[in-house]
Amino acid sequence: MEIYHDILECMVGALEAKDQYTCGHSNRVADMSYHLAKTIGINGTELEMIHIAAHLHDIGKIGISDNILNKSDKLTSDEWEHIKKHPEIGYNILVRSKKLEYIAHIILFHHERWDGNGYGVGLKGEEIPLGSRIIGICDAIDAMTSNRAYRKAMPWTLCREEVKRNKGLQFDPRLVDALDFLWQPWESQNR
């Protein structure tokens with residue numbers, strides 16, 4: 001299993017070399033996803049698979065043009081449609097390995113929303129794999145609390161309010177509730 005972890009770290013490194021924003025993002029999302037999954041009682045192999053999937057959730061961005069990935073202002077609608085293909089690209093990269101099929105499925109659906117208004121195939125609620133829902137909420141938290149070329153990071157208190165406002169819309173209500181145990185450590189680590 002150690003060799004797989006090393007290979008996956010190299011894949012994340014390749015993506016980080018291509019996408020300036022991704023540097024550190026994958027590790028933060030993986031750490032948050034791991035802690036959230038543990039908080040709701042996931043352990044063993046499933047916990048490890050979610051953790052690995054979180055590290056690799058944006059691997060499909062390797063297939064997105066550098067001009068789009070590193071654009072410093074708002075994306076056009078065509079560019080946004082292109083970005084929305086990264087979960088499918090990531091899935092197609094990883095599903096080539098039988099041992100990574102479960103991880104590939106988690107990655108494929110990480111931008112689906114609880115209310116069905118996400119992107120991918122339009123899954124909603126419990127149709128979305130739990131690992132995808134976990135990564136989706138952690139990905140959104142890191143995106144909101146990180147600086148981007150076109151906007152400043154949102155303060156943690158506002159991010160928490162935004163997540164709660166989207167309970168049952170963008171995010172699984174059970175996961176939003178479970179986050180109450182995790183906000184304080186994340187806020188103190190990232191000040």
# chains A, B, ... in the order shown; residues from 1 in each chain; ligands from 1
>>> residues_around(residues="Lys124 (chain A)", least_positions_apart="2", cutoff="7 Å", atoms="only C-alpha atoms", output="short mmCIF file (atom, residue, chain, number, x, y, z; two decimals) with N, CA and C atoms, in the first residue's frame")
data_model
loop_
_atom_site.label_atom_id
_atom_site.label_comp_id
_atom_site.auth_asym_id
_atom_site.auth_seq_id
_atom_site.Cartn_x
_atom_site.Cartn_y
_atom_site.Cartn_z
N GLU A 112 -21.32 17.09 -6.93
CA GLU A 112 -22.78 16.97 -6.86
C GLU A 112 -23.24 17.69 -5.60
N ARG A 113 -24.48 18.14 -5.60
CA ARG A 113 -25.03 18.85 -4.45
C ARG A 113 -26.19 18.06 -3.84
N TRP A 114 -26.40 18.23 -2.57
CA TRP A 114 -27.48 17.55 -1.86
C TRP A 114 -28.83 17.76 -2.54
N ASP A 115 -29.06 19.00 -3.05
CA ASP A 115 -30.34 19.33 -3.69
C ASP A 115 -30.41 18.95 -5.17
N GLY A 116 -29.36 18.35 -5.70
CA GLY A 116 -29.34 17.92 -7.10
C GLY A 116 -28.89 18.97 -8.09
N GLY A 122 -26.01 14.98 -11.88
CA GLY A 122 -27.24 15.45 -11.26
C GLY A 122 -27.75 14.58 -10.12
N GLU A 126 -28.93 11.11 -0.81
CA GLU A 126 -28.22 9.86 -0.53
C GLU A 126 -27.72 9.15 -1.79
N GLU A 127 -28.15 9.60 -2.97
CA GLU A 127 -27.63 9.02 -4.22
C GLU A 127 -26.13 9.32 -4.36
N ILE A 128 -25.70 10.42 -3.79
CA ILE A 128 -24.29 10.83 -3.87
C ILE A 128 -23.50 9.98 -2.88
#
>>> residues_around(residues="Gly131 (chain A)", least_positions_apart="5", cutoff="9 Å", atoms="only C-alpha atoms", output="list in words")
Ser33, Ala37, Glu46, Leu47, Met49, Ile50, His51, Ala53, Ala54, Ile103, Ile106, Ile107, Phe109, His110 and Gly136 of chain A
>>> write_last_selection(atoms="C-alpha atoms", output="PDB file, in the first residue's frame")
ATOM      1  CA  SER A  33     -12.111  14.967   4.918  1.00  0.00           C
ATOM      2  CA  ALA A  37     -15.177  11.036   8.115  1.00  0.00           C
ATOM      3  CA  GLU A  46     -13.248   3.148   3.856  1.00  0.00           C
ATOM      4  CA  LEU A  47     -11.604   5.970   5.831  1.00  0.00           C
ATOM      5  CA  MET A  49     -10.094   5.390   0.589  1.00  0.00           C
ATOM      6  CA  ILE A  50     -11.878   8.674   1.343  1.00  0.00           C
ATOM      7  CA  HIS A  51      -8.583  10.182   2.503  1.00  0.00           C
ATOM      8  CA  ALA A  53      -9.748  10.297  -2.867  1.00  0.00           C
ATOM      9  CA  ALA A  54      -9.598  13.689  -1.137  1.00  0.00           C
ATOM     10  CA  ILE A 103     -11.659   6.178  -5.337  1.00  0.00           C
ATOM     11  CA  ILE A 106     -15.834   9.183  -5.137  1.00  0.00           C
ATOM     12  CA  ILE A 107     -13.959  11.712  -7.276  1.00  0.00           C
ATOM     13  CA  PHE A 109     -19.309  12.823  -7.825  1.00  0.00           C
ATOM     14  CA  HIS A 110     -17.523  15.305  -5.524  1.00  0.00           C
ATOM     15  CA  GLY A 136     -17.488  18.203  -1.464  1.00  0.00           C
TER      16      GLY A 136
END
>>> residues_around(residues="region 62-72 of chain A", least_positions_apart="6", cutoff="10 Å", atoms="only C-alpha atoms", output="compact mmCIF listing (two decimals) with C-alpha atoms, in the first residue's frame")
# COMPACT_ATOMS: atom_id res chain seq x y z
CA MET A 11 0.23 12.56 -9.11
CA VAL A 12 -0.79 15.33 -6.73
CA ALA A 14 2.14 16.86 -10.98
CA LEU A 15 -1.18 18.66 -10.58
CA GLU A 16 0.29 21.20 -8.16
CA ALA A 17 3.03 21.98 -10.67
CA LYS A 18 0.32 22.78 -13.23
CA ASP A 19 -2.24 24.58 -11.05
CA GLN A 20 -0.98 27.30 -8.68
CA TYR A 21 -4.18 27.24 -6.61
CA THR A 22 -4.00 23.50 -5.98
CA GLU A 79 -14.35 28.19 -19.54
CA TRP A 80 -16.57 27.26 -16.59
CA HIS A 82 -14.58 23.17 -19.30
CA ILE A 83 -13.63 23.31 -15.59
CA LYS A 84 -16.76 21.33 -14.72
CA LYS A 85 -15.33 18.37 -16.65
CA HIS A 86 -12.47 17.81 -14.16
CA ILE A 89 -11.43 13.50 -16.35
CA GLY A 90 -10.16 12.45 -12.91
CA ILE A 93 -7.63 8.65 -15.22
CA ARG A 148 -7.84 33.32 -5.03
CA ALA A 149 -6.48 35.57 -7.76
CA TYR A 150 -9.91 37.19 -8.12
CA ARG A 151 -10.92 37.44 -4.42
>>> select_by_dssp(residues="region 1-177 of chain A", states="strand (DSSP E or B)", output="MDAnalysis selection string")
chainID A and resid 148 151 167 171
>>> closest_residue(among="A:Ile59, A:Ala140, A:Leu94, A:Ile7", to="Met32 (chain A)", atoms="only C-alpha atoms")
A:Ala140
>>> closest_residue(among="A:Asp6, A:Pro87, A:Asn117, A:Val95", to="Leu169 (chain A)", atoms="only C-alpha atoms")
A:Asn117
>>> atom_distance(atom1="CA of Phe171 (chain A)", atom2="CA of Leu130 (chain A)")
11.2 Å
>>> atom_distance(atom1="CA of Cys159 (chain A)", atom2="CA of Thr145 (chain A)")
6.9 Å
